[in-house]
Amino acid sequence: MSKVTLELTEGEMRDLAEMSAVVLALLGQVMQDMPAARSNAWQRLCVELLKAARGIPSIASDMEMNPECGYWYFRRPYVEEAYFSDLLDEYRDSVFWEELVLRVAQQSLEETMGREAVEVMSEDERRRRSSSMEKALWNEVTRHGIDRMLFMLPDNDA
């Protein structure tokens, strides 16, 4: 495969390094569930991009060799204030609420109709039947988070 040369400003290189940090964080969460060859290739590329970013003095001062992962990464104080951390936090937050709403709506549908009946429905039918519940749940979690949700555990789990 031929090599490509890319010219970036220091700011663009910092952004590319932060993008690599985002990808590495995501891979850390899902790598075991993804095709190994592809995940490893992405990880190697991100590590190389971070190593290249370290070659720029204004970026290098914000980086260190991370002993946990064995490659150059941003220092903790930088990570705490970085845009990519805010981006990851917002992403995790939105995934949490979306999953919560969808799963509670699905569980409610199964409780009212029975699991077997729900399993034979098409995805469109399940969506149609649970959409009003999802809207009500979104309204609830948007206003109150989980403050007013009730979790009922069996006696032996409590």
# chains A, B, ... in the order shown; residues from 1 in each chain; ligands from 1
>>> residues_around(residues="Ser58 (chain A)", least_positions_apart="4", cutoff="12 Å", atoms="only C-alpha atoms", output="PDB file with C-alpha atoms, in the first residue's frame")
ATOM      1  CA  THR A   9      -1.732  22.735  11.418  1.00  0.00           C
ATOM      2  CA  GLU A  10      -0.828  22.143  15.065  1.00  0.00           C
ATOM      3  CA  GLY A  11      -4.460  22.716  15.983  1.00  0.00           C
ATOM      4  CA  MET A  13      -3.056  17.670  14.679  1.00  0.00           C
ATOM      5  CA  ARG A  14      -4.267  18.198  18.245  1.00  0.00           C
ATOM      6  CA  ALA A  53       1.183  14.182  17.831  1.00  0.00           C
ATOM      7  CA  ARG A  54       3.752  13.742  20.571  1.00  0.00           C
ATOM      8  CA  ASP A  62       0.044  17.451  27.346  1.00  0.00           C
ATOM      9  CA  MET A  63       1.043  13.802  26.797  1.00  0.00           C
TER      10      MET A  63
END
>>> residues_around(residues="Met19 (chain A)", least_positions_apart="2", cutoff="10 Å", atoms="only C-alpha atoms", output="list in words")
Met13, Arg14, Asp15, Leu16, Ala17, Ala21, Val22, Val23, Leu24, Ala25, Cys46, Leu49, Leu50, Tyr83 and Phe84 of chain A
>>> residues_around(residues="region 36-41 of chain A", least_positions_apart="5", cutoff="12 Å", atoms="only C-alpha atoms", output="JSON, numbers by chain")
{"A": [23, 24, 26, 27, 28, 29, 30, 31, 46, 47, 48]}
>>> write_last_selection(atoms="N, CA, C and O atoms", output="compact mmCIF listing (two decimals), in the first residue's frame")
# COMPACT_ATOMS: atom_id res chain seq x y z
N VAL A 23 -11.59 7.35 19.79
CA VAL A 23 -11.68 6.02 19.20
C VAL A 23 -11.09 4.98 20.15
O VAL A 23 -11.68 3.91 20.35
N LEU A 24 -9.96 5.29 20.76
CA LEU A 24 -9.35 4.34 21.70
C LEU A 24 -10.25 4.10 22.91
O LEU A 24 -10.36 2.96 23.38
N LEU A 26 -13.55 4.30 22.91
CA LEU A 26 -14.65 3.46 22.44
C LEU A 26 -14.20 2.02 22.23
O LEU A 26 -14.90 1.08 22.62
N LEU A 27 -13.05 1.86 21.61
CA LEU A 27 -12.53 0.50 21.40
C LEU A 27 -12.32 -0.22 22.73
O LEU A 27 -12.57 -1.42 22.82
N GLY A 28 -11.87 0.51 23.73
CA GLY A 28 -11.67 -0.09 25.04
C GLY A 28 -12.95 -0.67 25.62
O GLY A 28 -12.93 -1.64 26.37
N GLN A 29 -14.08 -0.09 25.25
CA GLN A 29 -15.37 -0.55 25.75
C GLN A 29 -15.94 -1.73 24.95
O GLN A 29 -16.66 -2.55 25.49
N VAL A 30 -15.62 -1.79 23.65
CA VAL A 30 -16.31 -2.76 22.79
C VAL A 30 -15.39 -3.72 22.04
O VAL A 30 -15.86 -4.58 21.31
N MET A 31 -14.11 -3.59 22.20
CA MET A 31 -13.16 -4.34 21.38
C MET A 31 -13.40 -5.85 21.44
O MET A 31 -13.29 -6.53 20.42
N CYS A 46 -4.59 4.60 15.65
CA CYS A 46 -4.77 5.65 16.66
C CYS A 46 -3.53 5.84 17.51
O CYS A 46 -3.15 6.97 17.83
N VAL A 47 -2.89 4.74 17.88
CA VAL A 47 -1.67 4.81 18.66
C VAL A 47 -0.58 5.53 17.85
O VAL A 47 0.16 6.37 18.39
N GLU A 48 -0.48 5.24 16.56
CA GLU A 48 0.50 5.91 15.71
C GLU A 48 0.20 7.40 15.58
O GLU A 48 1.12 8.23 15.57
>>> select_by_dssp(residues="region 32-134 of chain A", states="alpha helix (DSSP H)", output="PyMOL selection string")
chain A and resi 36-54+57-60+76-81+83-113+115-119+123-134
>>> residues_around(residues="region 144-158 of chain A", least_positions_apart="3", cutoff="12 Å", atoms="only C-alpha atoms", output="VMD selection string")
chain A and resid 93 96 to 97 100 to 101 104 137 to 141
>>> atom_distance(atom1="CA of Pro57 (chain A)", atom2="CA of Asp86 (chain A)")
24.3 Å
>>> select_by_dssp(residues="chain A", states="strand (DSSP E or B)", output="PyMOL selection string")
chain A and resi 63-66+71-74
>>> write_last_selection(atoms="N, CA and C atoms", output="mmCIF file, in the first residue's frame")
data_model
loop_
_atom_site.group_PDB
_atom_site.id
_atom_site.type_symbol
_atom_site.label_atom_id
_atom_site.label_comp_id
_atom_site.auth_asym_id
_atom_site.auth_seq_id
_atom_site.Cartn_x
_atom_site.Cartn_y
_atom_site.Cartn_z
ATOM 1 N N MET A 63 1.067 15.257 26.953
ATOM 2 C CA MET A 63 1.043 13.802 26.797
ATOM 3 C C MET A 63 2.068 13.129 27.698
ATOM 4 N N GLU A 64 1.841 11.844 27.919
ATOM 5 C CA GLU A 64 2.771 11.014 28.681
ATOM 6 C C GLU A 64 2.600 9.570 28.243
ATOM 7 N N MET A 65 3.601 8.746 28.536
ATOM 8 C CA MET A 65 3.480 7.322 28.272
ATOM 9 C C MET A 65 2.539 6.765 29.329
ATOM 10 N N ASN A 66 1.443 6.195 28.894
ATOM 11 C CA ASN A 66 0.464 5.647 29.818
ATOM 12 C C ASN A 66 0.864 4.222 30.176
ATOM 13 N N TYR A 71 1.111 3.041 25.615
ATOM 14 C CA TYR A 71 1.336 3.971 24.515
ATOM 15 C C TYR A 71 1.136 5.407 25.001
ATOM 16 N N TRP A 72 1.570 6.343 24.165
ATOM 17 C CA TRP A 72 1.451 7.758 24.500
ATOM 18 C C TRP A 72 -0.018 8.156 24.493
ATOM 19 N N TYR A 73 -0.395 8.906 25.530
ATOM 20 C CA TYR A 73 -1.781 9.348 25.672
ATOM 21 C C TYR A 73 -1.750 10.690 26.400
ATOM 22 N N PHE A 74 -2.867 11.357 26.412
ATOM 23 C CA PHE A 74 -2.948 12.655 27.086
ATOM 24 C C PHE A 74 -2.878 12.477 28.603
#
>>> residues_around(residues="region 122-128 of chain A", least_positions_apart="4", cutoff="10 Å", atoms="only C-alpha atoms", output="PyMOL selection string")
chain A and resi 102+105-106+109-110+118+132-134
>>> decode(residues="region 26-39 of chain A", atoms="all heavy atoms", output="PDB file, in the first residue's frame")
ATOM      1  N   LEU A  26     -13.548   4.299  22.913  1.00  0.00           N
ATOM      2  CA  LEU A  26     -14.655   3.464  22.438  1.00  0.00           C
ATOM      3  C   LEU A  26     -14.203   2.023  22.226  1.00  0.00           C
ATOM      4  O   LEU A  26     -14.897   1.082  22.622  1.00  0.00           O
ATOM      5  CB  LEU A  26     -15.247   4.029  21.144  1.00  0.00           C
ATOM      6  CG  LEU A  26     -15.980   5.354  21.264  1.00  0.00           C
ATOM      7  CD1 LEU A  26     -16.395   5.863  19.897  1.00  0.00           C
ATOM      8  CD2 LEU A  26     -17.195   5.228  22.172  1.00  0.00           C
ATOM      9  N   LEU A  27     -13.052   1.858  21.615  1.00  0.00           N
ATOM     10  CA  LEU A  27     -12.529   0.504  21.401  1.00  0.00           C
ATOM     11  C   LEU A  27     -12.317  -0.215  22.730  1.00  0.00           C
ATOM     12  O   LEU A  27     -12.568  -1.419  22.825  1.00  0.00           O
ATOM     13  CB  LEU A  27     -11.215   0.549  20.614  1.00  0.00           C
ATOM     14  CG  LEU A  27     -11.317   0.771  19.111  1.00  0.00           C
ATOM     15  CD1 LEU A  27      -9.931   0.956  18.509  1.00  0.00           C
ATOM     16  CD2 LEU A  27     -12.053  -0.372  18.431  1.00  0.00           C
ATOM     17  N   GLY A  28     -11.871   0.506  23.726  1.00  0.00           N
ATOM     18  CA  GLY A  28     -11.669  -0.095  25.039  1.00  0.00           C
ATOM     19  C   GLY A  28     -12.951  -0.672  25.618  1.00  0.00           C
ATOM     20  O   GLY A  28     -12.925  -1.639  26.368  1.00  0.00           O
ATOM     21  N   GLN A  29     -14.079  -0.091  25.246  1.00  0.00           N
ATOM     22  CA  GLN A  29     -15.367  -0.554  25.746  1.00  0.00           C
ATOM     23  C   GLN A  29     -15.935  -1.729  24.948  1.00  0.00           C
ATOM     24  O   GLN A  29     -16.662  -2.546  25.490  1.00  0.00           O
ATOM     25  CB  GLN A  29     -16.387   0.599  25.714  1.00  0.00           C
ATOM     26  CG  GLN A  29     -16.034   1.739  26.614  1.00  0.00           C
ATOM     27  CD  GLN A  29     -16.143   1.363  28.072  1.00  0.00           C
ATOM     28  OE1 GLN A  29     -17.118   0.776  28.491  1.00  0.00           O
ATOM     29  NE2 GLN A  29     -15.118   1.671  28.842  1.00  0.00           N
ATOM     30  N   VAL A  30     -15.621  -1.787  23.649  1.00  0.00           N
ATOM     31  CA  VAL A  30     -16.310  -2.765  22.793  1.00  0.00           C
ATOM     32  C   VAL A  30     -15.392  -3.716  22.038  1.00  0.00           C
ATOM     33  O   VAL A  30     -15.864  -4.581  21.308  1.00  0.00           O
ATOM     34  CB  VAL A  30     -17.223  -2.044  21.766  1.00  0.00           C
ATOM     35  CG1 VAL A  30     -18.268  -1.198  22.464  1.00  0.00           C
ATOM     36  CG2 VAL A  30     -16.411  -1.215  20.786  1.00  0.00           C
ATOM     37  N   MET A  31     -14.110  -3.586  22.203  1.00  0.00           N
ATOM     38  CA  MET A  31     -13.161  -4.341  21.384  1.00  0.00           C
ATOM     39  C   MET A  31     -13.404  -5.852  21.438  1.00  0.00           C
ATOM     40  O   MET A  31     -13.292  -6.529  20.425  1.00  0.00           O
ATOM     41  CB  MET A  31     -11.731  -4.025  21.791  1.00  0.00           C
ATOM     42  CG  MET A  31     -10.739  -4.227  20.693  1.00  0.00           C
ATOM     43  SD  MET A  31      -9.219  -3.364  21.124  1.00  0.00           S
ATOM     44  CE  MET A  31      -8.166  -3.978  19.863  1.00  0.00           C
ATOM     45  N   GLN A  32     -13.744  -6.374  22.607  1.00  0.00           N
ATOM     46  CA  GLN A  32     -13.949  -7.810  22.737  1.00  0.00           C
ATOM     47  C   GLN A  32     -15.155  -8.299  21.938  1.00  0.00           C
ATOM     48  O   GLN A  32     -15.241  -9.487  21.618  1.00  0.00           O
ATOM     49  CB  GLN A  32     -14.074  -8.221  24.209  1.00  0.00           C
ATOM     50  CG  GLN A  32     -15.301  -7.687  24.916  1.00  0.00           C
ATOM     51  CD  GLN A  32     -15.167  -6.254  25.417  1.00  0.00           C
ATOM     52  OE1 GLN A  32     -14.133  -5.607  25.245  1.00  0.00           O
ATOM     53  NE2 GLN A  32     -16.211  -5.740  26.029  1.00  0.00           N
ATOM     54  N   ASP A  33     -16.064  -7.413  21.593  1.00  0.00           N
ATOM     55  CA  ASP A  33     -17.261  -7.794  20.841  1.00  0.00           C
ATOM     56  C   ASP A  33     -17.156  -7.503  19.349  1.00  0.00           C
ATOM     57  O   ASP A  33     -18.101  -7.754  18.608  1.00  0.00           O
ATOM     58  CB  ASP A  33     -18.487  -7.052  21.396  1.00  0.00           C
ATOM     59  CG  ASP A  33     -18.742  -7.369  22.856  1.00  0.00           C
ATOM     60  OD1 ASP A  33     -18.494  -8.524  23.258  1.00  0.00           O
ATOM     61  OD2 ASP A  33     -19.168  -6.472  23.594  1.00  0.00           O
ATOM     62  N   MET A  34     -16.044  -6.962  18.920  1.00  0.00           N
ATOM     63  CA  MET A  34     -15.869  -6.558  17.527  1.00  0.00           C
ATOM     64  C   MET A  34     -14.847  -7.465  16.839  1.00  0.00           C
ATOM     65  O   MET A  34     -14.048  -8.119  17.506  1.00  0.00           O
ATOM     66  CB  MET A  34     -15.393  -5.105  17.465  1.00  0.00           C
ATOM     67  CG  MET A  34     -16.324  -4.100  18.128  1.00  0.00           C
ATOM     68  SD  MET A  34     -17.972  -4.037  17.411  1.00  0.00           S
ATOM     69  CE  MET A  34     -17.603  -3.339  15.834  1.00  0.00           C
ATOM     70  N   PRO A  35     -14.856  -7.473  15.490  1.00  0.00           N
ATOM     71  CA  PRO A  35     -13.854  -8.283  14.775  1.00  0.00           C
ATOM     72  C   PRO A  35     -12.432  -7.841  15.152  1.00  0.00           C
ATOM     73  O   PRO A  35     -12.090  -6.664  15.044  1.00  0.00           O
ATOM     74  CB  PRO A  35     -14.142  -7.994  13.305  1.00  0.00           C
ATOM     75  CG  PRO A  35     -15.550  -7.480  13.274  1.00  0.00           C
ATOM     76  CD  PRO A  35     -15.780  -6.802  14.593  1.00  0.00           C
ATOM     77  N   ALA A  36     -11.636  -8.778  15.606  1.00  0.00           N
ATOM     78  CA  ALA A  36     -10.319  -8.468  16.153  1.00  0.00           C
ATOM     79  C   ALA A  36      -9.398  -7.783  15.147  1.00  0.00           C
ATOM     80  O   ALA A  36      -8.717  -6.809  15.492  1.00  0.00           O
ATOM     81  CB  ALA A  36      -9.661  -9.736  16.690  1.00  0.00           C
ATOM     82  N   ALA A  37      -9.364  -8.266  13.924  1.00  0.00           N
ATOM     83  CA  ALA A  37      -8.429  -7.706  12.941  1.00  0.00           C
ATOM     84  C   ALA A  37      -8.714  -6.223  12.706  1.00  0.00           C
ATOM     85  O   ALA A  37      -7.798  -5.395  12.684  1.00  0.00           O
ATOM     86  CB  ALA A  37      -8.511  -8.478  11.629  1.00  0.00           C
ATOM     87  N   ARG A  38      -9.964  -5.884  12.528  1.00  0.00           N
ATOM     88  CA  ARG A  38     -10.351  -4.494  12.267  1.00  0.00           C
ATOM     89  C   ARG A  38     -10.096  -3.612  13.491  1.00  0.00           C
ATOM     90  O   ARG A  38      -9.576  -2.506  13.395  1.00  0.00           O
ATOM     91  CB  ARG A  38     -11.808  -4.495  11.886  1.00  0.00           C
ATOM     92  CG  ARG A  38     -12.347  -3.540  10.953  1.00  0.00           C
ATOM     93  CD  ARG A  38     -11.685  -3.396   9.629  1.00  0.00           C
ATOM     94  NE  ARG A  38     -12.374  -2.248   9.073  1.00  0.00           N
ATOM     95  CZ  ARG A  38     -11.802  -1.242   8.495  1.00  0.00           C
ATOM     96  NH1 ARG A  38     -10.529  -1.257   8.266  1.00  0.00           N
ATOM     97  NH2 ARG A  38     -12.491  -0.226   8.090  1.00  0.00           N
ATOM     98  N   SER A  39     -10.473  -4.115  14.654  1.00  0.00           N
ATOM     99  CA  SER A  39     -10.266  -3.359  15.892  1.00  0.00           C
ATOM    100  C   SER A  39      -8.784  -3.125  16.143  1.00  0.00           C
ATOM    101  O   SER A  39      -8.381  -2.025  16.525  1.00  0.00           O
ATOM    102  CB  SER A  39     -10.871  -4.110  17.079  1.00  0.00           C
ATOM    103  OG  SER A  39     -12.271  -4.204  16.942  1.00  0.00           O
TER     104      SER A  39
END
